[in-house]
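Asks: This structure is in structure tokens; I'll ask about it shortly.
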2 protein chains.
Amino acid sequence: MTFHGYFRSSASWRCRIAFGLKGISPDFVPVHLRRGEQKAKGYRALNPQALVPALEVDGTVLTQSLAIIEWLDETHPTPPLLPRDPLGRAHARAFAQVIACDIHPLQNLRVLRYLKARFGQDQDGLDAWCRHWIEPGLAACEALLAGGPEAAFAFGDAPGLAEICLVPQMASADGFGLDLAPFPRLRALRGRCEALPAFADAHPSKQPDAEAD
Amino acid sequence: MTFHGYFRSSASWRCRIAFGLKGISPDFVPVHLRRGEQKAKGYRALNPQALVPALEVDGTVLTQSLAIIEWLDETHPTPPLLPRDPLGRAHARAFAQVIACDIHPLQNLRVLRYLKARFGQDQDGLDAWCRHWIEPGLAACEALLAGGPEAAFAFGDAPGLAEICLVPQMASADGFGLDLAPFPRLRALRGRCEALPAFADAHPSKQPDAEAD
């Protein structure tokens, strides 16, 4: 199993947490997004979308972080990353998708580059854009937690897909200067996650391709 | 089962196709996004994210179209919307997520409104922005189809999650003036889907809340 990712990529980070929770250590090939390595012919042959992550496994290539993580959960079921009951699974997936579909796509590198180059936005404009999408998304996640049963983690006694998406997203919110004070449940959840080795070891600063900011 | 959606919303459209494929007809409550009904207190109590769709079922509310569709597939397994084998499921989910995570979030109503109001973009600027994200996403989907086995539909003999996401996205591409000629596999797939009642009946123009353009 060979994992292609980038230390700063939130989607790669999600997969790293999932590998850690499952106790799996794939080989790692760094793809330097800021240097454009994802656009090289060799990488495009692996992933025609020219994005990270990609996972080579069983003679094929899996892409899209949530699809990779669900594959991992189906093929390595212990510990589970989703609740067992369909309603619980739907709530956990929805929480993850608020982040993966409605926040993260708006604030990733290729989008910020477009806003800078074509719409003339400076760093303040980019930060305001990012905060504008992150804030209501995290507010929705906070509300989704409030509606569920009390548990140590978002959807049960152990972290799963929801936390896998949340922790990198909160780090990204920090980077764009969003005040996280209005999200006490999310902050507490993040703290519980970051105390776990699978989350700590997946942090960008701990990766072989890490660079100083 | 009560479905809250909007005729023009791609995410609502996806769910409508899935209901049709499963032979289910939930009650329908329209939420008029252009009039801001999603921000009303009553709707926010259902879905704190203030987006459509939302599905009231079994005393709870499900949100996020892909989570709703996976819940539907788990609780109403016939016909299946995903392949049975984990690798096939991963490929189908990745195809869907290229659209749901990397194309659609960048071209929905709330984003276009921001670009217009804050960054001063006119319709030409908005259309160019949308085409810029739709084109490489659909190119990736076209390539994902080329890598798989020959089949009537994207990942098997019947349409599923991939087609559910593709058909509304191609309609949206039409709306933003993208030339679909470079995507012969996707166009053929769309044609096969649109001939099926579940897809035809889910079209925005057929919905009770439909309005003329």
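To be explicit about the labels: the chains of the structure tokens are called A, B, and onward in the order shown, and within each one the residues are counted from 1, while ligands get numbers from 1 in the order they are shown.
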Would you please give, as a ChimeraX atom specification, all residues of stretch 54-169 of chain B that DSSP assigns to helix (DSSP H, G or I) based on the backbone?
Replies: /B:65-75,86-102,104-106,109-119,123-147,161-169
Asks: Which neighbours of stretch 87-90 of chain A fall inside 9 Å, counting only C-alpha atoms, when residues of the same chain fewer than 6 positions from it are skipped, and could you give them as an MDAnalysis selection string?
Replies: (chainID A and resid 155) or (chainID B and resid 58 60 62:64 66:71)
Asks: May I have the selected residues written with N, CA and C atoms, as a PDB file, in the first residue's frame?
Replies:
ATOM      1  N   PHE A 155     -19.585  10.875  17.848  1.00  0.00           N
ATOM      2  CA  PHE A 155     -20.649   9.911  17.590  1.00  0.00           C
ATOM      3  C   PHE A 155     -20.379   8.577  18.273  1.00  0.00           C
TER       4      PHE A 155
ATOM      5  N   ASP B  58     -37.722   8.954  11.056  1.00  0.00           N
ATOM      6  CA  ASP B  58     -37.566   8.250  12.329  1.00  0.00           C
ATOM      7  C   ASP B  58     -37.237   9.196  13.478  1.00  0.00           C
ATOM      8  N   THR B  60     -35.681  12.007  13.515  1.00  0.00           N
ATOM      9  CA  THR B  60     -34.437  12.778  13.450  1.00  0.00           C
ATOM     10  C   THR B  60     -34.372  13.462  12.084  1.00  0.00           C
ATOM     11  N   LEU B  62     -31.842  14.129   8.805  1.00  0.00           N
ATOM     12  CA  LEU B  62     -30.598  13.843   8.095  1.00  0.00           C
ATOM     13  C   LEU B  62     -30.288  14.984   7.133  1.00  0.00           C
ATOM     14  N   THR B  63     -29.018  15.321   7.032  1.00  0.00           N
ATOM     15  CA  THR B  63     -28.592  16.382   6.125  1.00  0.00           C
ATOM     16  C   THR B  63     -27.432  15.870   5.270  1.00  0.00           C
ATOM     17  N   GLN B  64     -27.025  16.683   4.339  1.00  0.00           N
ATOM     18  CA  GLN B  64     -25.946  16.373   3.386  1.00  0.00           C
ATOM     19  C   GLN B  64     -26.397  15.281   2.412  1.00  0.00           C
ATOM     20  N   LEU B  66     -25.033  13.312   0.160  1.00  0.00           N
ATOM     21  CA  LEU B  66     -24.375  12.000   0.048  1.00  0.00           C
ATOM     22  C   LEU B  66     -24.646  11.137   1.280  1.00  0.00           C
ATOM     23  N   ALA B  67     -24.724  11.761   2.448  1.00  0.00           N
ATOM     24  CA  ALA B  67     -25.041  11.007   3.666  1.00  0.00           C
ATOM     25  C   ALA B  67     -26.477  10.482   3.617  1.00  0.00           C
ATOM     26  N   ILE B  68     -27.383  11.300   3.111  1.00  0.00           N
ATOM     27  CA  ILE B  68     -28.778  10.876   2.965  1.00  0.00           C
ATOM     28  C   ILE B  68     -28.866   9.689   1.996  1.00  0.00           C
ATOM     29  N   ILE B  69     -28.148   9.774   0.892  1.00  0.00           N
ATOM     30  CA  ILE B  69     -28.218   8.717  -0.126  1.00  0.00           C
ATOM     31  C   ILE B  69     -27.588   7.417   0.391  1.00  0.00           C
ATOM     32  N   GLU B  70     -26.503   7.526   1.135  1.00  0.00           N
ATOM     33  CA  GLU B  70     -25.903   6.296   1.697  1.00  0.00           C
ATOM     34  C   GLU B  70     -26.830   5.687   2.756  1.00  0.00           C
ATOM     35  N   TRP B  71     -27.491   6.541   3.541  1.00  0.00           N
ATOM     36  CA  TRP B  71     -28.466   6.034   4.518  1.00  0.00           C
ATOM     37  C   TRP B  71     -29.590   5.291   3.784  1.00  0.00           C
TER      38      TRP B  71
END
Asks: Can you tell me, as a PDB file with C-alpha atoms, in the first residue's frame, what residues are no more than 7 Å from A:Pro53 when counting only C-alpha atoms, ignoring any on the same chain fewer than 2 positions away?
Replies:
ATOM      1  CA  HIS A   4       0.740   9.835  -2.030  1.00  0.00           C
ATOM      2  CA  GLY A   5       0.150  13.007  -0.053  1.00  0.00           C
ATOM      3  CA  ALA A  11      -7.275  15.713   2.863  1.00  0.00           C
ATOM      4  CA  SER A  12      -3.933  13.900   3.233  1.00  0.00           C
ATOM      5  CA  LEU A  51      -4.900  16.407  -6.394  1.00  0.00           C
ATOM      6  CA  LEU A  55      -3.594   5.436  -2.421  1.00  0.00           C
ATOM      7  CA  THR A  63      -8.573   8.846  -4.680  1.00  0.00           C
ATOM      8  CA  GLN A  64     -10.694  11.267  -2.623  1.00  0.00           C
ATOM      9  CA  SER A  65      -9.971  11.186   1.092  1.00  0.00           C
TER      10      SER A  65
END
Asks: Calculated over only C-alpha atoms, which of the candidates B:Gly20, B:Pro30, B:Gly177, B:Pro182 has the smallest distance to B:Ala54?
Replies: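 Looking only at the distances to B:Ala54, the closest residue turns out to be B:Pro30.
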Asks: Show me, as a tab-separated table, the residues of stretch 137-176 of chain B having an atom within 10 Å of stretch 124-133 of chain B, each with the closest atom pair and its distance in Å, using only C-alpha atoms.
Replies:
residue	atom	partner	partner_atom	distance
B:Gly137	CA	B:Trp133	CA	6.4
B:Leu138	CA	B:Trp133	CA	8.8
B:Ser172	CA	B:Cys130	CA	9.3
B:Ala173	CA	B:Arg131	CA	7.2
B:Asp174	CA	B:Arg131	CA	9.7
B:Gly175	CA	B:Asp127	CA	8.7
B:Phe176	CA	B:Asp127	CA	5.2
Asks: Show which residues sit within 10 Å of B:Pro168, as a list in words. Count only C-alpha atoms, and ignore same-chain residues fewer than 2 positions away.
Replies: Arg8, Ser9, Ser10, Ala11, Ser12, Trp13, Arg14, Ile17, Ile99, His104, Glu163, Ile164, Cys165, Leu166, Met170, Ala171, Ser172, Ala173, Asp174, Arg190, Phe199, Ala202, His203 and Pro204 of chain B
Asks: Where in stretch 1-202 of chain A does DSSP assign strand (DSSP E), given as JSON, numbers by chain?
Replies: {"A": [2, 3, 4, 5, 27, 28, 29, 30, 54, 55, 56, 57, 60, 61, 62, 63]}
